[in-house]
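Step one of this worksheet: look at the structure below.
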Amino acid sequence: MKPFTLLYILFSFVSAVALGQNNFTGTITDARTHEPITGVAVYNADDPNNLKNLAHTDAKGHFAISTDGVKILRFSIVGYDTQLYAIVKGVTSAEIVLEPATIDLQQVVVSASRERQARQNAPITISKINATQMHDTKATALYQLLNKVPGVYMVNLGNEQHTMAIRQPITYNALYLYMEDGLPIRPTGMFNHNSLYEINMSGVRDIEVIKGPASSLYGSNAIGGAVNFITQSAPAGYAANVSVQGDNYKYRRVDADGGLTSGKFGLYAGGYIAHQKDSWQDYSNFDKYSANIKTTYDVDAATRLTAAATYNYLNTQTPGSLDSVHFHNRNYGANQRFTYRKVEAFRASTRLEHTWSDNSNTFVTLFYRNNSTAQLPSYFISDVRDNTGKYLSSNGQENNQRFHSIGMLAQHRTDFAFLHSRLIAGVYADNSPSSYYAKYLEVQKDVANNYYTGYTNTGRFIDDYHIKLFNTAAYTQYEIKPVDALRIVMGLRYDRIHYAFSNNLPAGSTKYKQQETNDFNIVAPKLGLTYNFGNNKGFYANYSVGFQPPETGDLYSSRQLVQLKQATFNNYEAGGWLALLDKKMYLEVTLYDLEGRHEIINQLLPDNTTQNQNAGATRHRGVEYSVAYAPVKELSFRFSGTNARHTYVDYSEVSTNYATGTNTVISYNGKRMNNAPAWIANSEITYKPAYAEGFRLSAEWQHINQYFTNPANTETYSGYNIYNVRLGYDMKAGVLKGAGIWLNALNVTDKLYATTVTSNQYGDTYNAAPPRTITLGISYSIAKH
């Protein structure tokens with residue numbers, strides 16, 4: 001045989017083999033964020049047992065397979081809806097998008113250990129709001145999302161201001177930790193119950209909520225709960241979105257974001273501008289500017305560098321609460337027109353992550369914060385009265401708190417063959433010097449009309465101080481699997497929190513020291529387990545400790561008359577999950593007992609202002625539950641709720657009779673804590689018809705049960721039921737592909753209700769909630785993978 005004939009035969013054979021292999025490539029991305037999805041399993045759907053795993057996607061979401069003998073591919077990964085793809089002759093590549101699953105217990109979370117893991121492997125109560133839920137909700141404020149989570153009541157105080165109730169009464173105290181990509185957005189000792197207005201909502205991909213103490217991993221204030229906002233990263237290829245919306249009360253907002261990936265470099269940037277003027281509530285105009293940027297650079301296959309920055313600006317009028325007459329008459333006029341809040345918050349971080357092997361990973365994050373909160377708060381306007389209750393004068397204050405932070409977080413993880421164990425260890429350092437001043441205001445009042453007409457800044461300082469704040473911590477977490485179904489997790493964290501106070505007021509002008517140092521040394525352990533019975537059934541239990549050192553404002557403010565102690569909490573909880581009806585229904589239930597010692601609570605003073613005080617002991621017991629049911633693909637139902645009892649175990653207040661000069665100790669032992677609803681529930685039904693792809697319709701019910709509004713349990717608020725309806729349509733094809741439109745109707749029955757109610761000796765005050773609000777929005781998106 002001639003040589004060229006042999007070569008021809010050999011070439012033909014190789015070509016035939018290559019053609020016979022039918023190589024097929026693709027990229028798999030998130031349908032909402034367009035980010036590449038790593039670890040998606042590609043199966044041969046023709047295999048009756050679906051056991052033939054053809055490939056997994058890499059870090060860029062890419063896969064390459066041979067389709068010989070394959071007609072249909074199946075793409076599957078925890079946390080996303082499974083998708084099928086039919087092979088078409090002559091087509092050798094595809095762009096696959098997966099929708100984040102909303103009816104699924106098998107989600108992947110990162111907040112339980114700062115590492116990606118299946119939700120069912122975490123012995124804590126953790127819930128996740130994913131990109132699909134955020135897209136469908138089209139929230140104008142975060143409470144519209146977080147209130148879908150079992151056991152969470154985020155209280156709307158207007159213009160993105162808020163407070164929270166997670167395994168606690170409605171409270172303004174530092175019992176919650178708010179994070180962005182696992183980093184606290186504020187340092188220990190600088191808590192602000194409003195601080196989620198420092199989040200760029202439009203740049204958030206997922207929200208994870210840990211309920212109960214997470215101090216063994218995250219440190220101070222992670223007691224009632226920890227909320228982690230996970231920001232978007234660069235899309236595969238490129239993507240961009242823009243939307244415009246407004247409501248019937250002159251709320252206007254524009255969102256825009258986009259990004260690209262080119263080789264090793266990825267970029268995402270996004271933000272929004274919101275404005276409101278002449279709304280349903282008098283003196284409630286506001287402006288918000290919010291933006292974030294994130295870049296990634298893949299040094300090599302094992303090393304990634306991420307840099308991110310966030311900026312938020314809020315300037316809002318603050319109308320304050322209403323008395324009973326104004327509230328029930330729907331008279332939303334403010335009793336003054338000069339209070340305000342101005343916030344600037346900037347954060348930046350750089351993270352270097354390296355994967356040494358499949359069993360070992362390290363990351364180091366450097367971060368920076370710069371924050372200013374200036375305000376003339378309505379809640380500090382108080383009346384001075386004589387012993388008979390006769391009005392004498394009014395006063396208030398103008399204050400400003402600033403801080404800047406430089407810090408570091410480093411963590412290493414190693415997996416061992418011994419008992420399939422995993423060791424996580426980390427260190428944390430946060431240097432956050434701060435300053436605070438408050439100036440005394442003389443407030444003028446029209447007593448006959450109960451209206452504050454103006455104020456005079458006296459130039460006198462109530463407070464003026466600096467604080468050197470340094471928090472260092474080390475933590476470790478060890479997991480073992482003695483048998484395949486059982487996972488045991490042990491955690492321990494040590495924190496040293498150092499405050500160095502320096503008073504700028506002249507000596508003798510205040511009863512406080514000119515200089516003072518306070519150190520808090522805290523050890524927080526955790527022990528938990530999960531047991532997987534198989535077939536989507538499991539059980540978990542844990543014991544954990546939470547801690548709360550006094551805030552700097554409570555220790556050093558001249559208004560704070562009581563020296564505070566550190567609060568600690570012992571948490572016991574157990575729960576389980578169960579799938580029914582061929583995985584069309586998921587149930588999850590948690591029982592908890594949270595016992596507080598020296599819990600710091602708000603005490604209402606006779607002049608209608610508050611200060612904090614330690615309670616000897618409190619107890620918080622409850623059950624949290626959720627049901628998700630999707631009888632058919634087009635229809636889904638969700639019900640979540642919590643029943644709880646929050647009790648004073650050892651707590652008393654001193655009441656002063658100014659006419660006689662006598663004091664009386666009033667014990668509230670055994671009383672329900674005020675502002676603590678016994679039942680909170682949220683339910684939603686969603687319809688997405690197959691015959692109109694891209695259309696959605698949902699109806700939501702929010703319930704807050706009756707609660708006591710004073711610690712004596714003599715005054716109550718009846719609570720409320722409200723209903724929301726949302727509908728939208730995203731064009732999936734045609735010339736308008738990528739366009740979207742939505743209409744949200746909140747409080748459709750126009751219910752008169754208050755988000756919080758407080759009782760004092762002069763009556764009740766109400767934070768009025770919005771009447772029926774109709775929001776209309778349009779959007780346009782493009783993406784290329």
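Chain lettering (A, B, ...) mirrors the order of the structure tokens, residue numbering begins at 1 for each chain separately, and ligand numbering begins at 1 in order of display.
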Stretch 455-464 of chain A: which residues within 6 Å, counting only C-alpha atoms, same-chain residues fewer than 3 positions away excluded, as a PyMOL selection string? chain A and resi 436-444+504
Go ahead and write the selection's residues with N, CA, C and O atoms as a PDB file, in the first residue's frame.
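Resulting contents of result24.pdb:
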```pdb
ATOM      1  N   TYR A 436     -18.584  61.886  68.103  1.00  0.00           N
ATOM      2  CA  TYR A 436     -20.020  62.150  68.264  1.00  0.00           C
ATOM      3  C   TYR A 436     -20.195  63.484  68.984  1.00  0.00           C
ATOM      4  O   TYR A 436     -19.470  63.787  69.941  1.00  0.00           O
ATOM      5  N   TYR A 437     -21.140  64.253  68.487  1.00  0.00           N
ATOM      6  CA  TYR A 437     -21.536  65.446  69.242  1.00  0.00           C
ATOM      7  C   TYR A 437     -23.046  65.613  69.170  1.00  0.00           C
ATOM      8  O   TYR A 437     -23.702  65.172  68.221  1.00  0.00           O
ATOM      9  N   ALA A 438     -23.595  66.232  70.196  1.00  0.00           N
ATOM     10  CA  ALA A 438     -25.017  66.587  70.242  1.00  0.00           C
ATOM     11  C   ALA A 438     -25.129  67.990  70.820  1.00  0.00           C
ATOM     12  O   ALA A 438     -24.550  68.280  71.870  1.00  0.00           O
ATOM     13  N   LYS A 439     -25.849  68.869  70.111  1.00  0.00           N
ATOM     14  CA  LYS A 439     -26.035  70.247  70.545  1.00  0.00           C
ATOM     15  C   LYS A 439     -27.456  70.446  71.049  1.00  0.00           C
ATOM     16  O   LYS A 439     -28.418  69.928  70.482  1.00  0.00           O
ATOM     17  N   TYR A 440     -27.561  71.236  72.100  1.00  0.00           N
ATOM     18  CA  TYR A 440     -28.853  71.481  72.760  1.00  0.00           C
ATOM     19  C   TYR A 440     -29.657  72.498  71.968  1.00  0.00           C
ATOM     20  O   TYR A 440     -29.155  73.564  71.588  1.00  0.00           O
ATOM     21  N   LEU A 441     -30.926  72.182  71.711  1.00  0.00           N
ATOM     22  CA  LEU A 441     -31.834  73.064  70.994  1.00  0.00           C
ATOM     23  C   LEU A 441     -32.965  73.506  71.909  1.00  0.00           C
ATOM     24  O   LEU A 441     -33.532  72.692  72.655  1.00  0.00           O
ATOM     25  N   GLU A 442     -33.297  74.786  71.857  1.00  0.00           N
ATOM     26  CA  GLU A 442     -34.530  75.278  72.488  1.00  0.00           C
ATOM     27  C   GLU A 442     -35.624  75.251  71.431  1.00  0.00           C
ATOM     28  O   GLU A 442     -35.495  75.880  70.376  1.00  0.00           O
ATOM     29  N   VAL A 443     -36.663  74.505  71.675  1.00  0.00           N
ATOM     30  CA  VAL A 443     -37.729  74.288  70.695  1.00  0.00           C
ATOM     31  C   VAL A 443     -38.953  75.113  71.078  1.00  0.00           C
ATOM     32  O   VAL A 443     -39.401  75.090  72.232  1.00  0.00           O
ATOM     33  N   GLN A 444     -39.458  75.864  70.104  1.00  0.00           N
ATOM     34  CA  GLN A 444     -40.658  76.667  70.330  1.00  0.00           C
ATOM     35  C   GLN A 444     -41.913  75.843  69.983  1.00  0.00           C
ATOM     36  O   GLN A 444     -41.899  75.082  69.008  1.00  0.00           O
ATOM     37  N   ASN A 504     -14.467  65.762  74.961  1.00  0.00           N
ATOM     38  CA  ASN A 504     -14.024  67.081  74.523  1.00  0.00           C
ATOM     39  C   ASN A 504     -14.652  68.212  75.322  1.00  0.00           C
ATOM     40  O   ASN A 504     -14.246  69.369  75.166  1.00  0.00           O
TER      41      ASN A 504
END
```
For stretch 562-571 of chain A, list every protein, DNA or RNA residue within 6 Å, evaluated using only C-alpha atoms, and leave out those in the same chain fewer than 5 positions away; present the list as a list in words. Tyr543, Ser544, Val545, Gly546, Phe547, Gln548, Pro549, Pro550, Asp593, Leu594, Glu595, Gly596, Arg597, His598 and Glu599 of chain A
Using the selection just defined, write its residues with C-alpha atoms as a PDB file, in the first residue's frame.
```
ATOM      1  CA  TYR A 543     -26.910  25.275  71.380  1.00  0.00           C
ATOM      2  CA  SER A 544     -25.313  28.675  70.911  1.00  0.00           C
ATOM      3  CA  VAL A 545     -24.402  31.762  72.905  1.00  0.00           C
ATOM      4  CA  GLY A 546     -24.872  35.356  71.794  1.00  0.00           C
ATOM      5  CA  PHE A 547     -23.400  38.469  73.347  1.00  0.00           C
ATOM      6  CA  GLN A 548     -24.007  42.197  73.201  1.00  0.00           C
ATOM      7  CA  PRO A 549     -21.608  44.697  74.754  1.00  0.00           C
ATOM      8  CA  PRO A 550     -23.149  48.107  75.492  1.00  0.00           C
ATOM      9  CA  ASP A 593     -35.748  28.987  73.538  1.00  0.00           C
ATOM     10  CA  LEU A 594     -33.610  32.129  73.815  1.00  0.00           C
ATOM     11  CA  GLU A 595     -32.771  33.136  77.395  1.00  0.00           C
ATOM     12  CA  GLY A 596     -31.331  36.595  77.984  1.00  0.00           C
ATOM     13  CA  ARG A 597     -29.281  37.834  80.935  1.00  0.00           C
ATOM     14  CA  HIS A 598     -28.876  41.582  81.414  1.00  0.00           C
ATOM     15  CA  GLU A 599     -30.678  42.121  78.114  1.00  0.00           C
TER      16      GLU A 599
END
```
Closest atom pairs, residues of stretch 115-217 of chain A within 8 Å of stretch 666-675 of chain A, only C-alpha atoms, as JSON lines:
```
{"residue": "A:Pro169", "atom": "CA", "partner": "A:Asn675", "partner_atom": "CA", "distance": 5.5}
{"residue": "A:Ile170", "atom": "CA", "partner": "A:Asn675", "partner_atom": "CA", "distance": 5.4}
{"residue": "A:Thr171", "atom": "CA", "partner": "A:Asn675", "partner_atom": "CA", "distance": 7.9}
```
Dump as a PDB file, in the first residue's frame, selection limited to N, CA, C and O atoms:
```pdb
ATOM      1  N   PRO A 169     -38.898  41.142  70.541  1.00  0.00           N
ATOM      2  CA  PRO A 169     -39.935  42.133  70.277  1.00  0.00           C
ATOM      3  C   PRO A 169     -39.447  43.141  69.237  1.00  0.00           C
ATOM      4  O   PRO A 169     -38.269  43.157  68.868  1.00  0.00           O
ATOM      5  N   ILE A 170     -40.340  43.998  68.785  1.00  0.00           N
ATOM      6  CA  ILE A 170     -39.934  45.115  67.938  1.00  0.00           C
ATOM      7  C   ILE A 170     -38.997  45.990  68.767  1.00  0.00           C
ATOM      8  O   ILE A 170     -39.388  46.518  69.807  1.00  0.00           O
ATOM      9  N   THR A 171     -37.750  46.107  68.333  1.00  0.00           N
ATOM     10  CA  THR A 171     -36.762  46.784  69.165  1.00  0.00           C
ATOM     11  C   THR A 171     -35.847  47.641  68.320  1.00  0.00           C
ATOM     12  O   THR A 171     -35.613  47.359  67.140  1.00  0.00           O
TER      13      THR A 171
END
```
Which of stretch 76-180 of chain A fall in strand (DSSP E or B), as a ChimeraX atom specification: /A:76,80,83-86,93-98,100,108-109,117-118,125-129,152-158,161-166,171,176-180
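With only C-alpha atoms as the atoms that count, the residue of A:Val343, A:Leu587, A:Ala644, A:Val242 with the shortest distance to A:Tyr311 is A:Val343.
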Pick out the residues sitting within 9 Å of A:Ile293, and hand them over as a PyMOL selection string; count only C-alpha atoms, and ignore anything fewer than 5 positions along from it in its own chain. chain A and resi 203+233+267-271+307-310
Mind pulling up the distance from atom CA of A:Thr590 to atom CA of A:Leu486? 18.4 Å
Shell of 8 Å around A:Lys148, only C-alpha atoms, local chain residues under 4 positions omitted, as a PyMOL selection string: chain A and resi 144+152+640+682-683
Quick one: residues within 9 Å of A:Lys342, only C-alpha atoms counted, chain neighbours fewer than 6 positions away excluded, as a list in words?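 Contacts, with the query itself left out: Tyr313, Leu314, Asn315, Thr316, Gln317, Ser372, Thr373, Ala374 and Gln375 of chain A.
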Mind dumping the selected residues with all heavy atoms as an mmCIF file, in the first residue's frame?
```cif
data_model
loop_
_atom_site.group_PDB
_atom_site.id
_atom_site.type_symbol
_atom_site.label_atom_id
_atom_site.label_comp_id
_atom_site.auth_asym_id
_atom_site.auth_seq_id
_atom_site.Cartn_x
_atom_site.Cartn_y
_atom_site.Cartn_z
ATOM 1 N N TYR A 313 -26.182 57.435 49.899
ATOM 2 C CA TYR A 313 -26.499 58.767 50.425
ATOM 3 C C TYR A 313 -28.002 58.843 50.633
ATOM 4 O O TYR A 313 -28.787 58.513 49.735
ATOM 5 C CB TYR A 313 -26.050 59.850 49.453
ATOM 6 C CG TYR A 313 -26.542 61.245 49.816
ATOM 7 C CD1 TYR A 313 -25.895 62.008 50.783
ATOM 8 C CD2 TYR A 313 -27.659 61.790 49.192
ATOM 9 C CE1 TYR A 313 -26.347 63.278 51.116
ATOM 10 C CE2 TYR A 313 -28.123 63.063 49.513
ATOM 11 C CZ TYR A 313 -27.462 63.803 50.473
ATOM 12 O OH TYR A 313 -27.915 65.062 50.809
ATOM 13 N N LEU A 314 -28.401 59.278 51.809
ATOM 14 C CA LEU A 314 -29.821 59.437 52.131
ATOM 15 C C LEU A 314 -30.022 60.793 52.782
ATOM 16 O O LEU A 314 -29.309 61.156 53.726
ATOM 17 C CB LEU A 314 -30.285 58.339 53.085
ATOM 18 C CG LEU A 314 -31.747 58.432 53.548
ATOM 19 C CD1 LEU A 314 -32.691 57.979 52.438
ATOM 20 C CD2 LEU A 314 -31.988 57.609 54.804
ATOM 21 N N ASN A 315 -30.988 61.532 52.282
ATOM 22 C CA ASN A 315 -31.367 62.819 52.876
ATOM 23 C C ASN A 315 -32.885 62.813 53.000
ATOM 24 O O ASN A 315 -33.591 62.841 51.993
ATOM 25 C CB ASN A 315 -30.901 63.972 51.991
ATOM 26 C CG ASN A 315 -31.190 65.331 52.609
ATOM 27 O OD1 ASN A 315 -31.738 65.431 53.704
ATOM 28 N ND2 ASN A 315 -30.810 66.393 51.907
ATOM 29 N N THR A 316 -33.378 62.728 54.220
ATOM 30 C CA THR A 316 -34.825 62.578 54.413
ATOM 31 C C THR A 316 -35.359 63.473 55.517
ATOM 32 O O THR A 316 -34.682 63.731 56.515
ATOM 33 C CB THR A 316 -35.181 61.111 54.730
ATOM 34 O OG1 THR A 316 -36.597 60.989 54.922
ATOM 35 C CG2 THR A 316 -34.473 60.626 55.979
ATOM 36 N N GLN A 317 -36.557 63.967 55.284
ATOM 37 C CA GLN A 317 -37.308 64.604 56.353
ATOM 38 C C GLN A 317 -37.887 63.519 57.257
ATOM 39 O O GLN A 317 -38.160 62.408 56.805
ATOM 40 C CB GLN A 317 -38.434 65.472 55.767
ATOM 41 C CG GLN A 317 -37.928 66.584 54.871
ATOM 42 C CD GLN A 317 -39.048 67.308 54.121
ATOM 43 O OE1 GLN A 317 -40.147 66.766 53.946
ATOM 44 N NE2 GLN A 317 -38.782 68.520 53.665
ATOM 45 N N SER A 372 -21.056 58.835 57.985
ATOM 46 C CA SER A 372 -21.516 60.016 58.713
ATOM 47 C C SER A 372 -23.033 59.993 58.787
ATOM 48 O O SER A 372 -23.700 59.820 57.762
ATOM 49 C CB SER A 372 -21.051 61.295 58.005
ATOM 50 O OG SER A 372 -21.662 62.442 58.585
ATOM 51 N N THR A 373 -23.573 60.154 60.011
ATOM 52 C CA THR A 373 -25.024 60.241 60.209
ATOM 53 C C THR A 373 -25.310 61.504 61.002
ATOM 54 O O THR A 373 -25.007 61.597 62.195
ATOM 55 C CB THR A 373 -25.565 59.018 60.965
ATOM 56 O OG1 THR A 373 -25.255 57.832 60.237
ATOM 57 C CG2 THR A 373 -27.076 59.120 61.139
ATOM 58 N N ALA A 374 -25.894 62.492 60.321
ATOM 59 C CA ALA A 374 -26.257 63.761 60.952
ATOM 60 C C ALA A 374 -27.775 63.837 61.028
ATOM 61 O O ALA A 374 -28.462 63.486 60.067
ATOM 62 C CB ALA A 374 -25.695 64.938 60.156
ATOM 63 N N GLN A 375 -28.297 64.305 62.147
ATOM 64 C CA GLN A 375 -29.743 64.329 62.278
ATOM 65 C C GLN A 375 -30.208 65.332 63.329
ATOM 66 O O GLN A 375 -29.476 65.683 64.260
ATOM 67 C CB GLN A 375 -30.268 62.938 62.642
ATOM 68 C CG GLN A 375 -29.723 62.384 63.933
ATOM 69 C CD GLN A 375 -30.280 61.013 64.278
ATOM 70 O OE1 GLN A 375 -31.228 60.534 63.646
ATOM 71 N NE2 GLN A 375 -29.729 60.367 65.287
#
```
Name the residues in contact with stretch 250-261 of chain A at a cut-off of 6 Å, using only C-alpha atoms, excluding same-chain residues fewer than 5 positions from it; report them as a PyMOL selection string. chain A and resi 234-245+266-276
Can those selected residues be exported to a file as a PDB file, in the first residue's frame so that it contains N, CA and C atoms?
```pdb
ATOM      1  N   ALA A 234     -19.834  39.828  38.250  1.00  0.00           N
ATOM      2  CA  ALA A 234     -19.840  40.037  36.797  1.00  0.00           C
ATOM      3  C   ALA A 234     -20.617  38.943  36.087  1.00  0.00           C
ATOM      4  N   PRO A 235     -21.378  39.302  35.061  1.00  0.00           N
ATOM      5  CA  PRO A 235     -22.078  38.284  34.272  1.00  0.00           C
ATOM      6  C   PRO A 235     -21.108  37.581  33.332  1.00  0.00           C
ATOM      7  N   ALA A 236     -21.527  36.429  32.828  1.00  0.00           N
ATOM      8  CA  ALA A 236     -20.797  35.794  31.734  1.00  0.00           C
ATOM      9  C   ALA A 236     -21.083  36.599  30.468  1.00  0.00           C
ATOM     10  N   GLY A 237     -20.067  36.904  29.690  1.00  0.00           N
ATOM     11  CA  GLY A 237     -20.289  37.758  28.525  1.00  0.00           C
ATOM     12  C   GLY A 237     -20.563  39.171  28.983  1.00  0.00           C
ATOM     13  N   TYR A 238     -21.726  39.704  28.591  1.00  0.00           N
ATOM     14  CA  TYR A 238     -22.104  41.036  29.075  1.00  0.00           C
ATOM     15  C   TYR A 238     -23.603  41.075  29.324  1.00  0.00           C
ATOM     16  N   ALA A 239     -24.034  41.990  30.188  1.00  0.00           N
ATOM     17  CA  ALA A 239     -25.454  42.162  30.494  1.00  0.00           C
ATOM     18  C   ALA A 239     -25.682  43.564  31.026  1.00  0.00           C
ATOM     19  N   ALA A 240     -26.884  44.078  30.807  1.00  0.00           N
ATOM     20  CA  ALA A 240     -27.241  45.402  31.318  1.00  0.00           C
ATOM     21  C   ALA A 240     -28.745  45.452  31.547  1.00  0.00           C
ATOM     22  N   ASN A 241     -29.146  46.225  32.548  1.00  0.00           N
ATOM     23  CA  ASN A 241     -30.563  46.386  32.888  1.00  0.00           C
ATOM     24  C   ASN A 241     -30.824  47.839  33.250  1.00  0.00           C
ATOM     25  N   VAL A 242     -31.998  48.322  32.897  1.00  0.00           N
ATOM     26  CA  VAL A 242     -32.427  49.654  33.316  1.00  0.00           C
ATOM     27  C   VAL A 242     -33.920  49.592  33.593  1.00  0.00           C
ATOM     28  N   SER A 243     -34.379  50.294  34.629  1.00  0.00           N
ATOM     29  CA  SER A 243     -35.807  50.310  34.945  1.00  0.00           C
ATOM     30  C   SER A 243     -36.187  51.675  35.501  1.00  0.00           C
ATOM     31  N   VAL A 244     -37.458  52.002  35.320  1.00  0.00           N
ATOM     32  CA  VAL A 244     -38.038  53.249  35.829  1.00  0.00           C
ATOM     33  C   VAL A 244     -39.351  52.888  36.480  1.00  0.00           C
ATOM     34  N   GLN A 245     -39.616  53.463  37.661  1.00  0.00           N
ATOM     35  CA  GLN A 245     -40.881  53.181  38.340  1.00  0.00           C
ATOM     36  C   GLN A 245     -41.339  54.392  39.142  1.00  0.00           C
ATOM     37  N   GLY A 266     -13.534  40.555  35.290  1.00  0.00           N
ATOM     38  CA  GLY A 266     -14.978  40.710  35.360  1.00  0.00           C
ATOM     39  C   GLY A 266     -15.347  42.005  36.054  1.00  0.00           C
ATOM     40  N   LEU A 267     -16.436  42.623  35.617  1.00  0.00           N
ATOM     41  CA  LEU A 267     -16.877  43.907  36.169  1.00  0.00           C
ATOM     42  C   LEU A 267     -18.382  43.910  36.327  1.00  0.00           C
ATOM     43  N   TYR A 268     -18.848  44.404  37.473  1.00  0.00           N
ATOM     44  CA  TYR A 268     -20.275  44.669  37.675  1.00  0.00           C
ATOM     45  C   TYR A 268     -20.404  46.044  38.324  1.00  0.00           C
ATOM     46  N   ALA A 269     -21.375  46.840  37.884  1.00  0.00           N
ATOM     47  CA  ALA A 269     -21.672  48.137  38.498  1.00  0.00           C
ATOM     48  C   ALA A 269     -23.173  48.364  38.425  1.00  0.00           C
ATOM     49  N   GLY A 270     -23.723  48.934  39.481  1.00  0.00           N
ATOM     50  CA  GLY A 270     -25.160  49.185  39.490  1.00  0.00           C
ATOM     51  C   GLY A 270     -25.552  50.131  40.597  1.00  0.00           C
ATOM     52  N   GLY A 271     -26.759  50.644  40.492  1.00  0.00           N
ATOM     53  CA  GLY A 271     -27.252  51.538  41.528  1.00  0.00           C
ATOM     54  C   GLY A 271     -28.637  52.054  41.202  1.00  0.00           C
ATOM     55  N   TYR A 272     -29.122  52.941  42.056  1.00  0.00           N
ATOM     56  CA  TYR A 272     -30.427  53.541  41.800  1.00  0.00           C
ATOM     57  C   TYR A 272     -30.510  54.922  42.430  1.00  0.00           C
ATOM     58  N   ILE A 273     -31.424  55.713  41.897  1.00  0.00           N
ATOM     59  CA  ILE A 273     -31.743  57.039  42.425  1.00  0.00           C
ATOM     60  C   ILE A 273     -33.223  57.039  42.754  1.00  0.00           C
ATOM     61  N   ALA A 274     -33.566  57.406  43.984  1.00  0.00           N
ATOM     62  CA  ALA A 274     -34.969  57.459  44.411  1.00  0.00           C
ATOM     63  C   ALA A 274     -35.278  58.856  44.945  1.00  0.00           C
ATOM     64  N   HIS A 275     -36.488  59.306  44.679  1.00  0.00           N
ATOM     65  CA  HIS A 275     -36.901  60.650  45.097  1.00  0.00           C
ATOM     66  C   HIS A 275     -38.384  60.614  45.437  1.00  0.00           C
ATOM     67  N   GLN A 276     -38.740  61.321  46.483  1.00  0.00           N
ATOM     68  CA  GLN A 276     -40.157  61.444  46.832  1.00  0.00           C
ATOM     69  C   GLN A 276     -40.426  62.851  47.349  1.00  0.00           C
TER      70      GLN A 276
END
```
Please list as a VMD selection string every residue within 7 Å of A:Ala579, counting only C-alpha atoms and excluding residues in the same chain fewer than 4 positions away. chain A and resid 536 to 537 583 585 to 587
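Considering the residues A:Pro123, A:Gly396, A:Pro677, A:Pro36 and counting only C-alpha atoms, A:Asp383 has its shortest atom-to-atom contact with A:Gly396.
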Report, in Å to a single decimal, how far apart atom CA of A:Leu409 and atom CA of A:Ser360 are. 17.4 Å
Any idea what the distance is between atom CA of A:Tyr723 and atom CA of A:Glu684? 9.7 Å
